[in-house]
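For reference, the structure discussed in these notes is given below.
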Amino acid sequence: MALRVIGAGLGRTGTNSLKLALEQLLGSRCYHMYELRRRAADLPAWEDALAGRPVDWHAHLDGFAATVDWPAAAFWRELEGANPRALVLLSTRESPAVWWSSMERTIVPALARPLPADDPDLARQRALTRAILSERLTPDWPQREPAIAAYERHNEEVRRDVAPERLLEWQPGDGWEPLCAALSLPVPEQPFPHENTTADFRALVGLDG
C-alpha cells in the first residue's frame with residue numbers, strides 16, 4: 001500500500017489528533033510513535049533507516065495509509081521518495097516557544113529517564129528515539145535554544161524542498177477543512193479529535209506518578 005499522507009511535522013504538533021483524523025478520513029491506519037510501542041518487530045527497520053541502510057518502505061509500512069510523529073517524521077525525505085504522490089503534511093505549533101513548552105514537559109523528561117531494564121522492547125524504543133532526536137534533529141535536543149533552532153530548521157527544510165502543490169501546513173486548531181481540501185474529501189460532521197494534551201501525555205507515561 002502506498003502512503004497517501006507523509007507527516008513531516010515533529011512530535012508535539014498535534015500528531016495524535018492528526019492520526020485519529022487521518023484514520024477517519026482515509027479509512028485506514030496511520031503510523032504514529034504509539035504504534036511502535038505495540039509493534040516491537042518494527043524496531044530493526046527504523047534502526048536500519050537511522051544507520052543509512054536500505055529499507056523496503058512499502059513492506060515496512062504495509063497496511064498504513066499515512067504517517068505522523070516520530071520516528072517516521074525524521075525520515076520524511078525517504079518516505080517521500082518512496083511515495084511520490086503522497087501529500088506531505090507539515091504540522092507545526094503557533095510558535096517555536098509553544099512547541100518547546102510542550103516538549104520540555106513531555107518528551108524531554110520521558111526520554112531522560114533510565115532505560116527500563118524490565119521491558120527490553122520499551123528500552124530499545126526509547127534508545128531509538130533518543131538516537132533519532134540526536135542524529136536527525138540536534139544532539140542538544142534536551143536544551144531549549146538548540147531544540148528550537150532545530151525545530152525551525154526542520155520546518156524550513158520541508159517548506160523549501162517539497163513542491164508547493166504537495167505540501168500542506170497545518171496547526172492544531174485548523175481542524176478538518178485544510179486536510180479535507182488537500183485530500184479532496186468531504187468534511188466530516190463529527191468534531192475534530194483533540195487528543196494527547198501535555199497532561200494526557202504525562203499521565204500516560206507516568207511523569208506525574
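The way I read the labels, and the way they are meant: chains A, B, ... in the order of the C-alpha cells, residue 1 as the first residue of every chain, and ligand 1 as the first ligand shown, with later ones counted on from there.
Across segment 15-93 of chain A, DSSP run on the backbone finds strand (DSSP E) at Arg29, Cys30, Tyr31, Phe64, Ala65, Ala66, Thr67, Leu87, Val88, Leu89, Leu90 and Ser91 of chain A.
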File of the preceding selection, N, CA, C and O atoms, as a short mmCIF file (atom, residue, chain, number, x, y, z; two decimals), in the first residue's frame:
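Below you can see selection31.cif, which holds the result:
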```
data_model
loop_
_atom_site.label_atom_id
_atom_site.label_comp_id
_atom_site.auth_asym_id
_atom_site.auth_seq_id
_atom_site.Cartn_x
_atom_site.Cartn_y
_atom_site.Cartn_z
N ARG A 29 -5.12 2.82 8.50
CA ARG A 29 -4.32 3.13 9.68
C ARG A 29 -3.27 4.20 9.39
O ARG A 29 -2.80 4.35 8.26
N CYS A 30 -2.90 4.93 10.44
CA CYS A 30 -1.88 5.96 10.38
C CYS A 30 -0.80 5.60 11.40
O CYS A 30 -1.10 5.37 12.57
N TYR A 31 0.45 5.58 10.95
CA TYR A 31 1.57 5.17 11.80
C TYR A 31 2.03 6.34 12.66
O TYR A 31 2.40 7.39 12.15
N PHE A 64 -0.68 0.69 6.19
CA PHE A 64 -0.83 2.06 6.66
C PHE A 64 -0.99 3.00 5.47
O PHE A 64 -0.28 2.87 4.47
N ALA A 65 -1.89 3.96 5.60
CA ALA A 65 -2.12 4.94 4.54
C ALA A 65 -1.45 6.27 4.84
O ALA A 65 -1.38 7.14 3.96
N ALA A 66 -0.96 6.44 6.06
CA ALA A 66 -0.39 7.73 6.46
C ALA A 66 0.61 7.51 7.59
O ALA A 66 0.59 6.47 8.27
N THR A 67 1.47 8.50 7.79
CA THR A 67 2.38 8.51 8.93
C THR A 67 2.34 9.90 9.57
O THR A 67 2.15 10.90 8.88
N LEU A 87 0.74 13.30 -0.16
CA LEU A 87 0.72 14.64 0.41
C LEU A 87 1.71 14.69 1.57
O LEU A 87 1.73 13.79 2.41
N VAL A 88 2.54 15.72 1.62
CA VAL A 88 3.44 15.92 2.74
C VAL A 88 2.78 16.91 3.69
O VAL A 88 2.47 18.05 3.32
N LEU A 89 2.55 16.47 4.91
CA LEU A 89 1.80 17.24 5.91
C LEU A 89 2.77 17.75 6.96
O LEU A 89 3.33 16.98 7.74
N LEU A 90 2.97 19.06 6.97
CA LEU A 90 3.86 19.69 7.95
C LEU A 90 3.01 20.30 9.05
O LEU A 90 2.44 21.38 8.90
N SER A 91 2.94 19.61 10.18
CA SER A 91 2.21 20.14 11.33
C SER A 91 3.19 20.94 12.19
O SER A 91 4.33 20.52 12.42
#
```
- Item | Sel. of helix (DSSP H, G or I) residues, segment 106-177 of chain A, as a ChimeraX atom specification | /A:107-112,120-137,144-161,164-166,176-177
- Message: For segment 143-159 of chain A, find every residue with an atom within 10 Å (counting only C-alpha atoms), except residues of its own chain fewer than 6 positions away, and show them as a PyMOL selection string.
- Response: chain A and resi 8-10+74+76-77+88-92+95-101+103-104+108+133+136-137+167-169
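Taking only C-alpha atoms into account, Ala181 of chain A lies nearest to A:Leu25 out of the set A:Arg53, A:Arg113, A:Ala2, A:Leu25.
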- Message: Can you pull out the residues contacting Ser184 of chain A? Cut-off 12 Å, using only C-alpha atoms, and skip same-chain residues under 6 positions away; I want them as a list in words.
- Response: Arg4, Leu25, Leu26, Leu87, Trp176, Glu177 and Pro178 of chain A
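Counting only C-alpha atoms, Trp57 of chain A has the following residues at most 12 Å away, ignoring those fewer than 6 positions along the same chain: A:Met1, A:Ala2, A:Leu3, A:Asp42, A:Ala45, A:Trp46, A:Asp48, A:Ala49, A:Gly63, A:Phe64, A:Thr67, A:Ala72, A:Phe75, A:Trp76, A:Arg77, A:Glu78, A:Leu79, A:Glu80, A:Gly81, A:Ala82, A:Asn83.
Closest approach to Ala40 of chain A from the set A:Glu94, A:Asp140, A:Asp121, A:Glu165 is made by A:Asp121, with distances taken over only C-alpha atoms.
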